[in-house]
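J.: Quick one, start_19.cif (mmCIF, C-alpha atoms and all ligand atoms):
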```
data_target
#
loop_
_atom_site.label_atom_id
_atom_site.label_comp_id
_atom_site.auth_asym_id
_atom_site.auth_seq_id
_atom_site.Cartn_x
_atom_site.Cartn_y
_atom_site.Cartn_z
CA MET E 136 -26.79 19.59 23.84
CA LYS E 137 -30.04 19.90 21.93
CA LYS E 138 -33.37 18.56 23.14
CA ALA E 139 -31.49 16.14 25.40
CA GLY E 140 -34.32 15.68 27.88
CA SER E 141 -36.93 14.32 25.50
CA LEU E 142 -34.53 12.16 23.51
CA ASN E 143 -32.92 10.71 26.59
CA ARG E 144 -36.33 9.52 27.66
CA LEU E 145 -36.89 7.89 24.27
CA TYR E 146 -33.38 6.43 24.00
CA PRO E 147 -32.24 6.05 27.58
CA LYS E 148 -29.07 4.12 26.67
CA TYR E 149 -27.61 6.95 24.62
CA ARG E 150 -27.14 10.66 24.92
CA GLU E 151 -27.98 12.89 22.02
CA MET E 152 -24.89 14.13 20.23
CA LYS E 153 -24.01 17.01 17.99
CA ILE E 154 -21.07 16.43 15.68
CA VAL E 155 -19.24 19.04 13.68
CA THR E 156 -17.42 17.41 10.78
CA VAL E 157 -14.54 19.38 9.25
CA ILE E 158 -13.46 18.44 5.73
CA GLY E 159 -11.79 20.28 2.86
CA ALA E 160 -9.84 18.01 0.50
CA ARG E 161 -10.99 15.40 -2.04
CA PRO E 162 -10.17 12.23 -0.06
CA GLN E 163 -11.98 13.66 2.95
CA PHE E 164 -15.22 14.01 1.02
CA ILE E 165 -15.07 10.31 0.15
CA LYS E 166 -14.28 9.25 3.72
CA ALA E 167 -16.94 11.56 5.13
CA ALA E 168 -19.49 10.20 2.64
CA ALA E 169 -19.11 6.78 4.27
CA VAL E 170 -19.22 8.00 7.87
CA SER E 171 -22.01 10.53 7.26
CA ARG E 172 -24.15 7.73 5.84
CA ALA E 173 -23.61 5.81 9.08
CA ILE E 174 -24.41 8.94 11.10
CA ALA E 175 -27.60 9.39 9.09
CA ASN E 176 -28.64 5.89 10.17
CA HIS E 177 -28.69 7.29 13.70
CA GLN E 178 -30.11 10.69 12.88
CA HIS E 179 -32.61 10.49 15.70
CA LYS E 180 -29.64 10.53 18.06
CA ILE E 181 -26.99 12.51 16.23
CA GLU E 182 -27.03 15.84 14.48
CA GLU E 183 -24.18 16.41 12.03
CA ILE E 184 -23.04 19.84 10.87
CA ILE E 185 -20.57 19.84 7.99
CA VAL E 186 -17.87 22.47 7.66
CA HIS E 187 -16.04 22.67 4.32
CA THR E 188 -12.82 24.63 4.70
CA GLY E 189 -12.69 25.30 0.96
CA GLN E 190 -9.21 23.77 0.58
CA HIS E 191 -10.34 22.00 -2.62
CA TYR E 192 -12.76 24.04 -4.64
CA ASP E 193 -12.85 23.12 -8.35
CA LYS E 194 -16.12 21.49 -9.29
CA ASN E 195 -14.42 18.15 -10.01
CA MET E 196 -12.36 18.33 -6.80
CA SER E 197 -15.28 19.20 -4.52
CA ASP E 198 -18.93 19.67 -5.60
CA ILE E 199 -18.99 16.53 -7.72
CA PHE E 200 -18.37 14.42 -4.60
CA PHE E 201 -21.15 16.07 -2.60
CA ASP E 202 -23.56 15.60 -5.53
CA GLU E 203 -22.67 12.05 -6.58
CA LEU E 204 -22.08 10.60 -3.14
CA LYS E 205 -25.10 12.41 -1.72
CA ILE E 206 -23.19 14.05 1.08
CA LYS E 207 -25.19 16.57 3.09
CA LYS E 208 -24.51 20.10 1.88
CA PRO E 209 -21.98 21.87 4.12
CA THR E 210 -23.59 24.32 6.51
CA TYR E 211 -20.41 26.39 6.31
CA ASN E 212 -17.83 26.88 3.58
CA LEU E 213 -14.84 28.91 4.67
CA GLY E 214 -13.50 29.33 1.13
CA ILE E 215 -9.85 29.07 2.23
CA SER E 216 -7.44 27.60 -0.34
CA GLY E 217 -4.33 27.89 -2.41
CA THR E 218 -2.06 29.70 0.07
CA GLY E 219 1.02 28.49 1.97
CA HIS E 220 0.73 26.08 4.87
CA GLY E 221 0.87 28.71 7.62
CA GLU E 222 -1.58 31.12 6.09
CA MET E 223 -4.01 28.38 5.05
CA THR E 224 -3.95 26.59 8.41
CA GLY E 225 -4.12 29.87 10.33
CA ASP E 226 -7.08 31.20 8.35
CA MET E 227 -8.88 27.89 8.74
CA LEU E 228 -8.18 27.82 12.47
CA LYS E 229 -9.73 31.25 12.85
CA GLY E 230 -12.80 30.30 10.81
CA ILE E 231 -13.33 26.93 12.48
CA GLU E 232 -12.96 28.39 15.98
CA LYS E 233 -15.75 30.84 15.25
CA ILE E 234 -18.05 28.07 14.06
CA LEU E 235 -17.26 25.85 17.06
CA LEU E 236 -18.08 28.69 19.46
CA GLU E 237 -21.38 29.14 17.66
CA GLU E 238 -22.32 25.45 17.24
CA LYS E 239 -20.95 24.09 20.55
CA PRO E 240 -20.66 20.48 19.34
CA ASP E 241 -20.11 17.45 21.57
CA VAL E 242 -17.56 16.03 19.13
CA ILE E 243 -15.48 17.27 16.20
CA LEU E 244 -14.95 14.69 13.50
CA ILE E 245 -11.76 15.00 11.46
CA TYR E 246 -10.23 12.87 8.72
CA GLY E 247 -6.71 12.01 7.67
CA ASP E 248 -3.84 14.41 7.52
CA THR E 249 -4.50 17.58 5.55
CA ASN E 250 -4.16 21.19 6.62
CA SER E 251 -7.94 21.18 7.17
CA THR E 252 -7.45 18.31 9.65
CA LEU E 253 -4.76 20.16 11.57
CA ALA E 254 -6.70 23.43 11.71
CA ALA E 255 -9.74 21.65 13.14
CA SER E 256 -7.55 19.82 15.68
CA ILE E 257 -6.02 23.01 16.99
CA ALA E 258 -9.32 24.88 17.05
CA GLY E 259 -11.16 22.05 18.81
CA SER E 260 -8.50 21.17 21.36
CA LYS E 261 -8.09 24.78 22.48
CA LEU E 262 -11.83 24.91 23.11
CA HIS E 263 -11.71 21.54 24.95
CA ILE E 264 -14.10 19.91 22.50
CA PRO E 265 -13.47 16.16 22.10
CA ILE E 266 -11.94 15.37 18.73
CA ALA E 267 -12.51 12.12 16.88
CA HIS E 268 -9.70 11.44 14.42
CA VAL E 269 -10.54 9.02 11.62
CA GLU E 270 -7.34 7.44 10.20
CA ALA E 271 -5.42 7.93 13.42
CA GLY E 272 -2.01 6.32 13.89
CA LEU E 273 -0.84 6.30 10.30
CA ARG E 274 2.82 7.16 9.91
CA SER E 275 5.25 7.48 7.04
CA PHE E 276 8.11 8.38 9.42
CA ASN E 277 9.02 11.12 6.96
CA MET E 278 8.82 14.45 8.73
CA HIS E 279 9.37 16.29 5.43
CA MET E 280 5.79 15.42 4.48
CA PRO E 281 3.31 18.08 5.62
CA GLU E 282 0.85 15.21 6.14
CA GLU E 283 3.11 13.51 8.72
CA ILE E 284 3.20 16.69 10.80
CA ASN E 285 -0.56 17.13 10.50
CA ARG E 286 -1.33 13.59 11.57
CA ILE E 287 1.08 13.45 14.52
CA LEU E 288 -0.24 16.73 15.95
CA SER E 289 -3.85 15.76 15.34
CA ASP E 290 -3.43 12.38 17.04
CA ARG E 291 -1.89 14.00 20.10
CA VAL E 292 -4.88 16.27 20.78
CA SER E 293 -7.64 13.84 19.77
CA LYS E 294 -9.82 12.08 22.29
CA TYR E 295 -10.89 9.28 19.95
CA LEU E 296 -8.16 7.68 17.87
CA PHE E 297 -10.03 5.70 15.23
CA CYS E 298 -7.28 3.61 13.65
CA PRO E 299 -7.78 1.84 10.31
CA THR E 300 -5.25 -0.97 10.78
CA ASP E 301 -3.28 -2.96 13.35
CA THR E 302 -0.18 -1.15 12.11
CA ALA E 303 -1.73 2.18 13.08
CA ILE E 304 -2.40 0.89 16.61
CA LYS E 305 1.17 -0.36 16.82
CA ASN E 306 2.54 2.99 15.66
CA LEU E 307 0.59 4.82 18.33
CA LYS E 308 1.66 2.42 21.07
CA THR E 309 5.29 2.92 20.08
CA GLU E 310 4.85 6.65 20.56
CA GLY E 311 3.37 6.18 24.02
CA PHE E 312 -0.29 6.46 23.04
CA PRO E 313 -2.96 6.32 24.33
CA PHE E 314 -2.38 9.28 26.64
CA LYS E 315 -4.73 10.13 29.51
CA ASN E 316 -8.42 10.05 28.51
CA GLN E 317 -7.68 8.94 24.94
CA HIS E 318 -9.57 6.07 23.36
CA MET E 319 -7.62 4.08 20.79
CA VAL E 320 -9.46 1.53 18.70
CA ASN E 321 -9.00 -0.29 15.40
CA VAL E 322 -12.32 0.32 13.67
CA GLY E 323 -11.21 -0.61 10.14
CA ASP E 324 -10.83 1.63 7.13
CA VAL E 325 -13.67 3.92 6.08
CA MET E 326 -12.37 3.97 2.49
CA GLU E 327 -13.19 0.30 2.22
CA ASP E 328 -16.74 1.09 3.34
CA ALA E 329 -16.95 3.70 0.57
CA ALA E 330 -15.53 1.40 -2.11
CA LEU E 331 -17.87 -1.45 -1.19
CA PHE E 332 -20.95 0.76 -1.07
CA TYR E 333 -20.37 2.86 -4.18
CA LYS E 334 -18.98 0.16 -6.49
CA HIS E 335 -22.48 -1.13 -7.24
CA ILE E 336 -23.76 2.36 -8.05
CA ALA E 337 -20.65 3.07 -10.13
CA ALA E 338 -21.03 -0.14 -12.14
CA GLU E 339 -24.37 1.12 -13.50
CA ASN E 340 -22.59 3.72 -15.62
CA LEU E 341 -19.34 2.80 -17.35
CA ALA E 342 -19.38 5.82 -19.66
CA VAL E 343 -15.91 6.87 -18.49
CA LEU E 344 -14.42 3.93 -20.43
CA ASN E 345 -16.17 4.86 -23.68
CA THR E 346 -15.54 8.58 -23.30
CA ASN E 347 -11.82 7.94 -22.99
CA ASN E 348 -11.80 5.22 -25.61
CA ILE E 349 -10.33 2.61 -23.30
CA GLU E 350 -11.02 -1.07 -22.94
CA SER E 351 -11.39 -2.97 -19.70
CA GLY E 352 -8.04 -4.49 -18.65
CA ASN E 353 -6.13 -2.77 -21.41
CA TYR E 354 -4.84 0.39 -19.70
CA ASN E 355 -3.05 1.42 -16.54
CA LEU E 356 -4.35 4.08 -14.19
CA ALA E 357 -1.98 6.62 -12.64
CA THR E 358 -2.19 9.67 -10.38
CA ILE E 359 0.48 12.10 -9.14
CA HIS E 360 -0.03 14.91 -6.65
CA ARG E 361 2.30 14.61 -3.64
CA ALA E 362 4.19 17.81 -2.91
CA GLU E 363 7.50 15.92 -2.63
CA ASN E 364 6.99 14.71 -6.20
CA THR E 365 5.34 17.64 -7.96
CA ASP E 366 7.49 20.34 -6.38
CA ASN E 367 10.78 18.65 -7.20
CA PRO E 368 11.49 19.10 -10.95
CA ILE E 369 13.86 16.11 -11.05
CA HIS E 370 11.36 13.80 -9.35
CA LEU E 371 8.59 14.99 -11.64
CA LYS E 372 10.70 14.49 -14.77
CA ASN E 373 11.69 10.96 -13.68
CA MET E 374 8.12 10.01 -12.93
CA VAL E 375 6.91 11.34 -16.26
CA GLU E 376 9.64 9.35 -18.03
CA GLY E 377 8.70 6.26 -16.00
CA LEU E 378 5.05 6.60 -17.01
CA ASN E 379 6.11 7.17 -20.65
CA GLU E 380 8.02 3.88 -20.47
CA ILE E 381 5.03 2.00 -19.00
CA SER E 382 2.83 3.52 -21.74
CA LYS E 383 4.85 1.55 -24.28
CA GLN E 384 3.43 -1.63 -22.73
CA LYS E 385 -0.12 -0.41 -22.14
CA GLN E 386 -1.72 3.01 -22.33
CA VAL E 387 -1.58 5.01 -19.08
CA ILE E 388 -4.56 7.18 -18.13
CA VAL E 389 -3.85 10.00 -15.68
CA PRO E 390 -6.69 12.02 -14.12
CA LEU E 391 -4.50 14.97 -13.30
CA HIS E 392 -4.61 16.81 -9.97
CA PRO E 393 -4.60 20.63 -10.44
CA ARG E 394 -1.40 20.91 -8.43
CA THR E 395 0.43 18.63 -10.90
CA LYS E 396 -1.19 20.29 -13.91
CA LYS E 397 0.37 23.61 -12.88
CA LYS E 398 3.80 22.04 -12.40
CA LEU E 399 3.71 20.13 -15.70
CA GLN E 400 2.78 23.33 -17.53
CA GLU E 401 5.86 25.00 -16.06
CA GLN E 402 8.20 22.15 -17.03
CA ASN E 403 7.41 21.42 -20.66
CA LEU E 404 8.11 17.67 -20.54
CA LYS E 405 7.49 15.10 -23.29
CA ILE E 406 4.36 13.21 -22.30
CA ASP E 407 3.30 9.92 -23.91
CA PHE E 408 0.46 9.08 -21.53
CA THR E 409 -3.14 10.26 -21.61
CA ILE E 410 -4.03 13.13 -19.30
CA ILE E 411 -7.67 13.68 -18.38
CA ASP E 412 -9.32 16.05 -15.92
CA PRO E 413 -9.88 14.77 -12.37
CA VAL E 414 -12.98 12.60 -12.28
CA GLY E 415 -15.67 12.01 -9.67
CA TYR E 416 -15.44 9.04 -7.33
CA LEU E 417 -17.85 6.83 -9.26
CA ASP E 418 -15.86 7.22 -12.49
CA MET E 419 -12.67 6.74 -10.51
CA ILE E 420 -13.89 3.45 -9.05
CA ASN E 421 -14.69 2.26 -12.55
CA LEU E 422 -11.29 3.37 -13.82
CA ILE E 423 -9.57 1.44 -11.03
CA ASN E 424 -11.77 -1.63 -11.37
CA HIS E 425 -11.18 -1.95 -15.11
CA SER E 426 -7.48 -1.05 -15.13
CA PHE E 427 -4.59 -3.46 -15.58
CA LEU E 428 -2.74 -1.96 -12.65
CA VAL E 429 -2.37 1.27 -10.71
CA VAL E 430 0.63 3.61 -10.47
CA THR E 431 0.29 6.39 -7.90
CA ASP E 432 1.66 8.52 -5.10
CA SER E 433 -1.79 8.84 -3.54
CA GLY E 434 -2.50 7.41 -0.11
CA GLY E 435 -6.08 6.38 -0.77
CA LEU E 436 -5.52 4.94 -4.20
CA GLN E 437 -3.02 2.37 -2.90
CA LYS E 438 -5.79 0.76 -0.88
CA GLU E 439 -8.43 1.12 -3.55
CA ALA E 440 -6.16 -0.77 -5.94
CA PHE E 441 -6.14 -3.59 -3.37
CA PHE E 442 -9.92 -3.43 -2.86
CA PHE E 443 -10.34 -3.96 -6.61
CA ASN E 444 -7.64 -6.67 -6.88
CA LYS E 445 -5.09 -4.55 -8.72
CA PHE E 446 -1.38 -4.36 -8.08
CA CYS E 447 -0.07 -0.93 -7.19
CA ILE E 448 3.25 0.71 -8.00
CA THR E 449 3.72 3.50 -5.48
CA MET E 450 5.87 6.45 -6.47
CA ARG E 451 7.02 7.17 -2.95
CA GLU E 452 9.90 6.07 -0.74
CA GLU E 453 7.60 4.97 2.07
CA THR E 454 3.93 4.28 2.69
CA GLU E 455 1.51 4.39 5.58
CA TRP E 456 -0.11 1.20 4.22
CA VAL E 457 2.85 -1.10 4.85
CA GLU E 458 0.69 -4.24 4.98
CA LEU E 459 0.18 -3.96 1.22
CA VAL E 460 3.92 -3.87 0.58
CA ASN E 461 4.55 -6.75 2.99
CA GLY E 462 1.73 -8.75 1.38
CA GLY E 463 3.29 -8.32 -2.10
CA PHE E 464 0.46 -6.16 -3.51
CA ASN E 465 2.33 -2.87 -3.60
CA MET E 466 5.89 -1.90 -4.56
CA LEU E 467 7.58 1.33 -3.49
CA VAL E 468 9.65 2.81 -6.30
CA GLY E 469 10.15 6.45 -5.29
CA SER E 470 10.55 8.60 -8.36
CA ASN E 471 12.98 6.13 -9.95
CA LYS E 472 11.96 5.38 -13.55
CA ASN E 473 14.02 2.18 -13.70
CA LYS E 474 12.36 0.86 -10.56
CA MET E 475 8.97 1.80 -12.03
CA ALA E 476 9.68 -0.24 -15.16
CA LYS E 477 11.01 -3.16 -13.12
CA ALA E 478 7.97 -3.19 -10.83
CA TYR E 479 5.69 -3.08 -13.87
CA ALA E 480 7.46 -6.05 -15.46
CA GLU E 481 7.30 -7.98 -12.18
CA PHE E 482 3.59 -7.31 -11.53
CA SER E 483 2.73 -8.12 -15.15
CA LYS E 484 3.88 -11.69 -14.48
CA ARG E 485 2.23 -12.10 -11.08
CA GLU E 486 -1.22 -13.37 -10.22
CA PHE E 487 -3.20 -11.24 -7.75
CA LYS E 488 -4.14 -13.52 -4.85
CA LYS E 489 -5.80 -12.02 -1.80
CA THR E 490 -5.44 -14.10 1.33
CA GLU E 491 -6.23 -11.47 3.92
CA ASN E 492 -8.37 -8.37 4.26
CA TYR E 493 -6.36 -5.88 6.29
CA TYR E 494 -9.02 -3.18 6.47
CA GLY E 495 -11.95 -4.52 8.46
CA GLY E 496 -14.34 -5.57 5.70
CA GLY E 497 -16.49 -2.45 5.32
CA LYS E 498 -17.84 -1.80 8.81
CA ALA E 499 -15.55 1.01 9.91
CA SER E 500 -18.09 3.84 9.66
CA GLU E 501 -20.70 2.02 11.66
CA ASN E 502 -18.04 1.04 14.23
CA ILE E 503 -17.08 4.71 14.61
CA VAL E 504 -20.63 5.93 15.09
CA GLU E 505 -21.53 3.15 17.52
CA TYR E 506 -18.38 3.83 19.49
CA LEU E 507 -19.09 7.53 19.76
CA LEU E 508 -22.65 6.92 20.84
CA LYS E 509 -21.55 4.56 23.57
CA HIS E 510 -18.57 6.51 24.87
CA ASN E 511 -19.45 10.17 24.44
C1 LIG J 601 -3.89 18.24 -0.23
C2 LIG J 601 -3.32 17.63 1.05
C3 LIG J 601 -2.79 16.23 0.75
C4 LIG J 601 -3.83 15.37 0.08
C5 LIG J 601 -4.39 16.09 -1.14
C6 LIG J 601 -5.53 15.30 -1.73
C7 LIG J 601 -2.32 19.21 2.63
C8 LIG J 601 -1.04 19.73 3.18
N1 LIG J 601 -2.22 18.41 1.56
O1 LIG J 601 -2.81 18.39 -1.12
O2 LIG J 601 -2.42 15.61 1.97
O3 LIG J 601 -3.23 14.16 -0.32
O4 LIG J 601 -4.88 17.38 -0.77
O5 LIG J 601 -5.76 15.61 -3.05
O6 LIG J 601 -3.35 19.51 3.16
N2 LIG J 601 -5.93 23.44 -6.41
C9 LIG J 601 -6.76 23.83 -7.44
N3 LIG J 601 -8.06 23.41 -7.37
C10 LIG J 601 -8.56 22.67 -6.36
C11 LIG J 601 -7.70 22.28 -5.35
C12 LIG J 601 -6.37 22.67 -5.38
O7 LIG J 601 -6.36 24.50 -8.37
O8 LIG J 601 -9.76 22.36 -6.36
C13 LIG J 601 -4.54 23.92 -6.41
C14 LIG J 601 -4.37 24.95 -5.27
O9 LIG J 601 -4.67 26.21 -5.73
C15 LIG J 601 -2.94 24.79 -4.88
C16 LIG J 601 -2.61 23.34 -5.25
O10 LIG J 601 -3.64 22.87 -6.08
O11 LIG J 601 -2.15 25.66 -5.58
C17 LIG J 601 -2.43 22.48 -4.06
O12 LIG J 601 -3.63 22.42 -3.27
P1 LIG J 601 -3.54 22.14 -1.68
O13 LIG J 601 -4.90 21.95 -1.17
O14 LIG J 601 -2.69 23.14 -1.03
O15 LIG J 601 -2.72 20.79 -1.58
P2 LIG J 601 -2.90 19.41 -2.33
O16 LIG J 601 -1.67 19.15 -3.13
O17 LIG J 601 -4.20 19.35 -3.01
N1 LIG J 602 -9.97 10.26 -6.81
C1 LIG J 602 -11.09 10.66 -7.53
N2 LIG J 602 -10.88 11.26 -8.75
C2 LIG J 602 -9.65 11.48 -9.26
C3 LIG J 602 -8.52 11.08 -8.50
C4 LIG J 602 -8.72 10.49 -7.27
O1 LIG J 602 -12.22 10.47 -7.11
O2 LIG J 602 -9.56 12.04 -10.36
C5 LIG J 602 -10.19 9.63 -5.50
C6 LIG J 602 -9.46 8.33 -5.30
O3 LIG J 602 -10.17 7.25 -5.86
C7 LIG J 602 -9.37 8.25 -3.78
C8 LIG J 602 -9.17 9.70 -3.40
O4 LIG J 602 -9.65 10.47 -4.50
O5 LIG J 602 -10.58 7.81 -3.23
C9 LIG J 602 -7.73 9.95 -3.18
O6 LIG J 602 -7.47 11.28 -3.14
P1 LIG J 602 -6.03 11.88 -3.39
O7 LIG J 602 -5.18 10.95 -4.15
O8 LIG J 602 -6.24 13.22 -3.93
O9 LIG J 602 -5.49 12.08 -1.90
P2 LIG J 602 -4.72 11.12 -0.87
O10 LIG J 602 -5.49 9.87 -0.70
O11 LIG J 602 -3.36 10.90 -1.41
O12 LIG J 602 -4.66 11.95 0.37
#
```
Represent the structure contained in this file as structure tokens.
Ligand code: UD1
Ligand code: UDP

T.:
Amino acid sequence: MKKAGSLNRLYPKYREMKIVTVIGARPQFIKAAAVSRAIANHQHKIEEIIVHTGQHYDKNMSDIFFDELKIKKPTYNLGISGTGHGEMTGDMLKGIEKILLEEKPDVILIYGDTNSTLAASIAGSKLHIPIAHVEAGLRSFNMHMPEEINRILSDRVSKYLFCPTDTAIKNLKTEGFPFKNQHMVNVGDVMEDAALFYKHIAAENLAVLNTNNIESGNYNLATIHRAENTDNPIHLKNMVEGLNEISKQKQVIVPLHPRTKKKLQEQNLKIDFTIIDPVGYLDMINLINHSFLVVTDSGGLQKEAFFFNKFCITMREETEWVELVNGGFNMLVGSNKNKMAKAYAEFSKREFKKTENYYGGGKASENIVEYLLKHN
């Protein structure tokens, strides 16, 4: 620990803490933006070092988030990307271990369920460094998803299980959590913190609507990137046809993930929707906020649709955010184009009425930081 003596005298209730945050993929930059802002509010007590694994590396998949959301520049960038799961995770594990040995943090902060998350979990747990897992307890119960494996393994070796919902707590309890010395707490969802904070900044610049020649309320927003969808030619074809069908009702705008771009190029499908490059978070918030509804296989976007009072058609067979399905805000349609069209017709008739906020109301990041300060 750094300068503990003098700071402990100044702030006797707390110990000083050094956190190493490991991130690498687009949604993690957004989540970390919220938590790092909360950490910065306590910068006299906490030092944060950011490690970027390099998993996402295009300017509009990485740098744009650091710039726009004013995330502290990573101290380390491992530059590891684009390989298979084993090679990517293994290379990251090696790189992260080296940094942890050098930095000797009190806590490692990890987010979600990517290969970057898993690599940090393995590296940290083998070195006996307490791990704080943000978005603990989420489950799809589909072990074919790489994310499900990453999150189950990460939860098991984490000391702090920061759950976003009651469902996540319930999932963990069913699996026998918390195990010895684990802390399990529902802190709320850090993505809600991000949406609430950045929506005001985003609203100052609506250029994304003009640039793409779209009118508020008169288009649908869609994203596709899940491996189980992009890597299965039949699924991808069905989803494209489903989006083509929805486009007949209202234009569909798709900021296209590079993974999907590659697959679509290989498949030569007829496309009637509008593809644009991935956008930064501020433009994305505006695109969600002004859309008619959202169609996606993204995890994060399902909730953001809800935050901005939009229905969501989810092109997956299951979701980690079951409360949205149970509440009637989200429909699961898999890659079935008929179900997509049916869900669209149904949501077009329905009024969006929010009776409950499932995600904590925008205090998750502060809850996490306060908790760590009190229990580290
Ligand atoms: C990863 C996560 C997924 C998350 C998603 C967020 C894993 C196993 N998957 O999936 O959980 O939902 O990020 O977007 O960790 N690529 C580029 N440029 C980039 C980034 C990626 O061209 O900036 C290409 C890569 O070269 C690779 C492909 O996209 O060929 C997939 O990238 P990868 O990071 O392996 O997985 P994602 O599908 O992005
Ligand atoms: N997002 C973005 N620009 C885009 C597409 C998505 O900023 O072009 C944001 C989106 O609003 C959400 C996050 O990226 O906050 C979701 O990331 P993604 O869908 O890649 O991953 P997942 O949430 O499925 O893990």

J.: Every residue with an atom at most 12 Å from (-24.8, 11.1, -3.5) (file coordinates; only C-alpha atoms) is what I'm after, so could you write them as a list in words?

T.: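 These residues have at least one counted atom within 12 Å: Phe164, Ile165, Ala167, Ala168, Ala169, Ser171, Arg172, Asp198, Ile199, Phe200, Phe201, Asp202, Glu203, Leu204, Lys205, Ile206, Lys207, Lys208, Ala329, Phe332, Tyr333, Ile336, Ala337, Gly415, Tyr416 and Leu417 of chain E.
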
J.: Nearest to Val186 in chain E among E:Val292, E:Ile234, E:Met152, E:Ile215, with distances taken over all atoms listed in the file: which residue is it?

T.: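 Comparing E:Val292, E:Ile234, E:Met152, E:Ile215 against Val186 in chain E, the winner is E:Ile234.
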
J.: Against ligand LIG 602 (chain J), which residues of chain E fall within 9 Å? For each one I want the closest pair of atoms and the distance in Å (one decimal), counting only C-alpha atoms and all ligand atoms, rows by chain and increasing residue number, as CSV.

T.:
```
residue,atom,partner,partner_atom,distance
E:Ala160,CA,J:LIG602,O8,7.5
E:Arg161,CA,J:LIG602,O6,5.5
E:Pro162,CA,J:LIG602,O6,4.2
E:Gln163,CA,J:LIG602,O6,7.9
E:Phe164,CA,J:LIG602,O4,8.6
E:Ile165,CA,J:LIG602,O5,6.2
E:Lys166,CA,J:LIG602,O5,8.0
E:Asn195,CA,J:LIG602,O2,7.8
E:Met196,CA,J:LIG602,N2,7.5
E:Phe200,CA,J:LIG602,O1,7.7
E:Gly247,CA,J:LIG602,O12,7.6
E:Asp248,CA,J:LIG602,O12,7.6
E:Thr249,CA,J:LIG602,O12,7.7
E:Glu282,CA,J:LIG602,O12,8.6
E:Met326,CA,J:LIG602,O5,7.1
E:Ala329,CA,J:LIG602,O5,8.5
E:Ala330,CA,J:LIG602,O5,8.2
E:Ala357,CA,J:LIG602,C3,8.9
E:Thr358,CA,J:LIG602,C3,6.8
E:Ile359,CA,J:LIG602,O7,7.6
E:His360,CA,J:LIG602,O7,7.0
E:Arg361,CA,J:LIG602,O11,7.1
E:Val389,CA,J:LIG602,O2,8.1
E:Pro390,CA,J:LIG602,O2,4.7
E:Leu391,CA,J:LIG602,O2,6.5
E:His392,CA,J:LIG602,O2,6.9
E:Ile411,CA,J:LIG602,O2,8.4
E:Asp412,CA,J:LIG602,O2,6.9
E:Pro413,CA,J:LIG602,O2,3.4
E:Val414,CA,J:LIG602,O2,4.0
E:Gly415,CA,J:LIG602,O1,4.6
E:Tyr416,CA,J:LIG602,O1,3.5
E:Leu417,CA,J:LIG602,O1,7.0
E:Asp418,CA,J:LIG602,O1,7.3
E:Met419,CA,J:LIG602,O1,5.1
E:Ile420,CA,J:LIG602,O3,6.2
E:Leu422,CA,J:LIG602,O3,8.9
E:Ile423,CA,J:LIG602,O3,7.8
E:Thr431,CA,J:LIG602,O7,8.0
E:Asp432,CA,J:LIG602,O11,6.7
E:Ser433,CA,J:LIG602,O11,3.4
E:Gly434,CA,J:LIG602,O11,3.8
E:Gly435,CA,J:LIG602,O10,3.5
E:Leu436,CA,J:LIG602,C7,5.1
E:Gln437,CA,J:LIG602,O10,8.2
E:Lys438,CA,J:LIG602,C7,8.8
E:Glu439,CA,J:LIG602,O3,6.8
E:Ala440,CA,J:LIG602,O3,9.0
```

J.: Considering all atoms listed in the file, can you say which of E:Gly495, E:Gly469, E:Gly352, E:Pro393 comes closest to ligand LIG 601 (chain J)?

T.: E:Pro393

J.: With distances taken over all atoms listed in the file, which residue among E:Pro240, E:Pro281, E:Gly462, E:Gly225 lies nearest ligand LIG 601 (chain J)?

T.: E:Pro281

J.: Need the shell around Ile284 in chain E: protein/DNA/RNA residues with any atom at most 10 Å away, counting only C-alpha atoms. Skip same-chain ones fewer than 3 positions apart. Format as a PyMOL selection string?

T.: chain E and resi 248-250+253+274+276-281+287-289

J.: Can you complete the atoms of range 333-340 of chain E to N, CA and C atoms and list them as a short mmCIF file (atom, residue, chain, number, x, y, z; two decimals), keeping the file's coordinate frame?

T.:
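File selection13.cif, as written:
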```
data_model
loop_
_atom_site.label_atom_id
_atom_site.label_comp_id
_atom_site.auth_asym_id
_atom_site.auth_seq_id
_atom_site.Cartn_x
_atom_site.Cartn_y
_atom_site.Cartn_z
N TYR E 333 -20.16 2.12 -2.93
CA TYR E 333 -20.37 2.86 -4.18
C TYR E 333 -20.04 2.04 -5.43
N LYS E 334 -19.37 0.90 -5.27
CA LYS E 334 -18.98 0.16 -6.49
C LYS E 334 -20.21 -0.32 -7.26
N HIS E 335 -21.27 -0.66 -6.56
CA HIS E 335 -22.48 -1.13 -7.24
C HIS E 335 -23.14 0.02 -8.00
N ILE E 336 -23.17 1.19 -7.39
CA ILE E 336 -23.76 2.36 -8.05
C ILE E 336 -22.90 2.74 -9.25
N ALA E 337 -21.57 2.70 -9.05
CA ALA E 337 -20.65 3.07 -10.13
C ALA E 337 -20.81 2.14 -11.33
N ALA E 338 -20.99 0.86 -11.05
CA ALA E 338 -21.03 -0.14 -12.14
C ALA E 338 -22.21 0.09 -13.09
N GLU E 339 -23.20 0.87 -12.63
CA GLU E 339 -24.37 1.12 -13.50
C GLU E 339 -24.03 2.05 -14.66
N ASN E 340 -22.93 2.78 -14.56
CA ASN E 340 -22.59 3.72 -15.62
C ASN E 340 -21.08 3.67 -15.92
#
```
